[in-house]
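The structure under discussion appears below in the form of structure tokens.
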Amino acid sequence: KHKQQKENTQHYLAKPSLTELTTAPHCTAKYSLFGMSELSTSARVAILAGVGVTLAAAIYCAMRSGRRFRDAMQQIDDMNSEDPNVELLNGVEYPKSLLYGMRMSQWLERVSPNASELLQLAARAQHLRRWVIPRETYPAGREGYLKWRADLRQYHADQAEMVLKHRGYSADEQQRVAFLINKRNLKSDPETQALEDCACLVFLEHYLRDFLDKHRDDDEAKMRRIVERTWAKMSKRAHRLALQLPMPKTM
């Protein structure tokens, strides 16, 4: 309704009632399917109005913020939809990077139900265009693997900054999302820890079984160390969530 009003009047902001504004859905069907949500418009209105901004200005800022967030999320999804690698889910093929981003958002809902807008963006962009830098382009072994992972994190962060800049986020906001994607201050920054928890939980729920099958002929002690390293990066809260997941018998 609001979109149609905007198109008809050519105004930047229509003038809906407060009831319409605060009860309107804030996610597309796709985001809702995977459990994605954002800070409610009514919450933004309350915060802005509480610091002395007029109600009209609060509504304007809330809707503008909501638009840029949805546009940024959609752009991230569009970029990840270009992934030529696909994964089958319920009989439907999805680009792998797109599906991974959706799963990150889904877990973030459980790990941090009141996650900030920037943390939500960082979660969705965690593997932004990951296929561009394949593992095979780096030397085999742990040293090559670590270099690959470090370069990937920086690449994802750079791509996310580009999206946020395009959608009108400030330089500080862009840098904060890059900070999170690079996993700075893990264990001491609550948002960095929440993002890492999500990444570990996504791995344990959706990718661990295939990983173990792929490396079934490798040394068992090596596999144990890999899983132990994953566990060590997680918070106690994430440990509790992980223990609720069905695990392969080999675990």
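Identifiers in this document derive from the order of the structure tokens: chains are assigned A, B, ..., residues are numbered from 1 separately in each chain, and ligands are numbered from 1 in order of occurrence.
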Legend entry - Residue contacts of stretch 140-150 of chain A (12 Å, only C-alpha atoms) excluding same-chain residues fewer than 2 positions away, as a ChimeraX atom specification: /A:126-127,130,132-138,152-157,181-184,222,226
Write out as JSON lines the residues of stretch 114-215 of chain A that have any atom within 7 Å of an atom of stretch 79-92 of chain A, one row each with the nearest atom pair and its distance in Å to one decimal, counting only C-alpha atoms, sorted by chain and then rising number.
{"residue": "A:Leu128", "atom": "CA", "partner": "A:Asn80", "partner_atom": "CA", "distance": 6.1}
{"residue": "A:Arg129", "atom": "CA", "partner": "A:Asn80", "partner_atom": "CA", "distance": 5.6}
{"residue": "A:Trp131", "atom": "CA", "partner": "A:Asp83", "partner_atom": "CA", "distance": 6.5}
Write the residues you've just listed into a file as a PDB file, in the first residue's frame, and include N, CA and C atoms for each of them.
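Heads up, here's the output in result-v2.pdb:
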ATOM      1  N   LEU A 128      29.559 -13.811   1.233  1.00  0.00           N
ATOM      2  CA  LEU A 128      29.147 -13.063   0.049  1.00  0.00           C
ATOM      3  C   LEU A 128      30.079 -13.334  -1.136  1.00  0.00           C
ATOM      4  N   ARG A 129      29.546 -13.944  -2.178  1.00  0.00           N
ATOM      5  CA  ARG A 129      30.288 -14.285  -3.408  1.00  0.00           C
ATOM      6  C   ARG A 129      31.497 -15.176  -3.096  1.00  0.00           C
ATOM      7  N   TRP A 131      32.247 -18.176  -3.876  1.00  0.00           N
ATOM      8  CA  TRP A 131      32.753 -19.048  -4.946  1.00  0.00           C
ATOM      9  C   TRP A 131      33.833 -18.392  -5.801  1.00  0.00           C
TER      10      TRP A 131
END
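Summary of the local environment: counting only C-alpha atoms, residues at most 12 Å from A:Arg110, other than itself and those fewer than 2 positions away along its chain, are Phe34, Gly35, Met36, Ser37, Arg103, Met104, Ser105, Gln106, Trp107, Leu108, Ser112, Pro113, Asn114, Ala115, Ala194, Leu195, Asp197, Cys198, Leu201, Val202, Arg237, Ala238, Arg240, Leu241 and Ala242 of chain A.
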Please, could you write that set of residues out with N, CA, C and O atoms as a CSV table (one decimal), in the first residue's frame?
chain,number,residue,atom,x,y,z
A,34,PHE,N,12.6,-18.2,5.9
A,34,PHE,CA,13.9,-18.7,6.6
A,34,PHE,C,14.0,-18.1,8.0
A,34,PHE,O,15.1,-18.1,8.5
A,35,GLY,N,13.0,-17.5,8.5
A,35,GLY,CA,13.0,-17.0,9.9
A,35,GLY,C,13.6,-15.6,10.0
A,35,GLY,O,14.1,-15.2,11.1
A,36,MET,N,13.8,-14.9,8.9
A,36,MET,CA,14.4,-13.6,9.0
A,36,MET,C,13.5,-12.5,9.5
A,36,MET,O,12.3,-12.5,9.2
A,37,SER,N,14.0,-11.7,10.4
A,37,SER,CA,13.2,-10.6,10.9
A,37,SER,C,14.2,-9.4,11.1
A,37,SER,O,15.4,-9.6,11.1
A,103,ARG,N,20.6,-19.5,5.9
A,103,ARG,CA,20.8,-20.3,7.1
A,103,ARG,C,21.4,-19.5,8.2
A,103,ARG,O,21.1,-19.7,9.4
A,104,MET,N,22.3,-18.6,7.9
A,104,MET,CA,22.9,-17.7,8.8
A,104,MET,C,21.9,-16.8,9.5
A,104,MET,O,21.9,-16.6,10.7
A,105,SER,N,21.0,-16.3,8.7
A,105,SER,CA,19.9,-15.4,9.2
A,105,SER,C,19.0,-16.2,10.1
A,105,SER,O,18.6,-15.7,11.2
A,106,GLN,N,18.7,-17.5,9.7
A,106,GLN,CA,17.9,-18.3,10.5
A,106,GLN,C,18.5,-18.6,11.9
A,106,GLN,O,17.8,-18.5,12.9
A,107,TRP,N,19.7,-18.9,11.9
A,107,TRP,CA,20.4,-19.2,13.2
A,107,TRP,C,20.5,-17.9,14.1
A,107,TRP,O,20.4,-17.9,15.3
A,108,LEU,N,20.7,-16.8,13.4
A,108,LEU,CA,20.9,-15.5,14.2
A,108,LEU,C,19.6,-15.2,14.9
A,108,LEU,O,19.6,-14.7,16.0
A,112,SER,N,20.6,-14.6,18.7
A,112,SER,CA,20.5,-13.2,19.1
A,112,SER,C,19.2,-12.6,18.5
A,112,SER,O,19.2,-11.9,17.5
A,113,PRO,N,18.0,-12.9,19.2
A,113,PRO,CA,16.7,-12.5,18.7
A,113,PRO,C,16.6,-11.0,18.5
A,113,PRO,O,15.8,-10.6,17.6
A,114,ASN,N,17.4,-10.2,19.2
A,114,ASN,CA,17.3,-8.8,19.1
A,114,ASN,C,18.5,-8.2,18.4
A,114,ASN,O,19.0,-7.1,18.7
A,115,ALA,N,19.0,-9.0,17.5
A,115,ALA,CA,20.3,-8.6,16.8
A,115,ALA,C,20.1,-7.2,16.1
A,115,ALA,O,19.1,-6.9,15.5
A,194,ALA,N,28.5,-13.6,18.5
A,194,ALA,CA,27.2,-14.1,18.0
A,194,ALA,C,27.3,-14.5,16.5
A,194,ALA,O,26.8,-15.6,16.1
A,195,LEU,N,28.1,-13.8,15.7
A,195,LEU,CA,28.2,-14.1,14.3
A,195,LEU,C,29.0,-15.4,14.2
A,195,LEU,O,28.7,-16.3,13.4
A,197,ASP,N,29.2,-17.8,16.4
A,197,ASP,CA,28.3,-18.9,16.9
A,197,ASP,C,27.4,-19.3,15.8
A,197,ASP,O,27.2,-20.5,15.6
A,198,CYS,N,26.8,-18.4,15.0
A,198,CYS,CA,25.9,-18.7,13.9
A,198,CYS,C,26.7,-19.5,12.9
A,198,CYS,O,26.2,-20.5,12.4
A,201,LEU,N,27.2,-23.1,14.1
A,201,LEU,CA,26.0,-23.8,14.2
A,201,LEU,C,25.5,-24.2,12.8
A,201,LEU,O,24.9,-25.3,12.6
A,202,VAL,N,25.6,-23.3,11.9
A,202,VAL,CA,25.3,-23.6,10.5
A,202,VAL,C,26.1,-24.8,10.0
A,202,VAL,O,25.6,-25.7,9.4
A,237,ARG,N,26.4,-20.5,25.2
A,237,ARG,CA,25.0,-20.5,24.7
A,237,ARG,C,24.9,-21.3,23.4
A,237,ARG,O,24.0,-22.1,23.2
A,238,ALA,N,25.9,-21.1,22.5
A,238,ALA,CA,26.0,-21.9,21.3
A,238,ALA,C,26.2,-23.4,21.5
A,238,ALA,O,25.6,-24.2,20.8
A,240,ARG,N,25.0,-25.0,24.0
A,240,ARG,CA,23.7,-25.6,24.4
A,240,ARG,C,22.8,-25.8,23.2
A,240,ARG,O,22.1,-26.8,23.1
A,241,LEU,N,22.8,-24.9,22.3
A,241,LEU,CA,22.0,-25.0,21.1
A,241,LEU,C,22.6,-26.2,20.2
A,241,LEU,O,21.8,-26.9,19.7
A,242,ALA,N,23.9,-26.3,20.1
A,242,ALA,CA,24.5,-27.4,19.3
A,242,ALA,C,24.1,-28.8,19.9
A,242,ALA,O,23.9,-29.7,19.1
Legend entry - Which of A:Arg229, A:Leu118, A:Ala72, A:Gly66 sits closest to A:Lys165 [using only C-alpha atoms]: A:Ala72
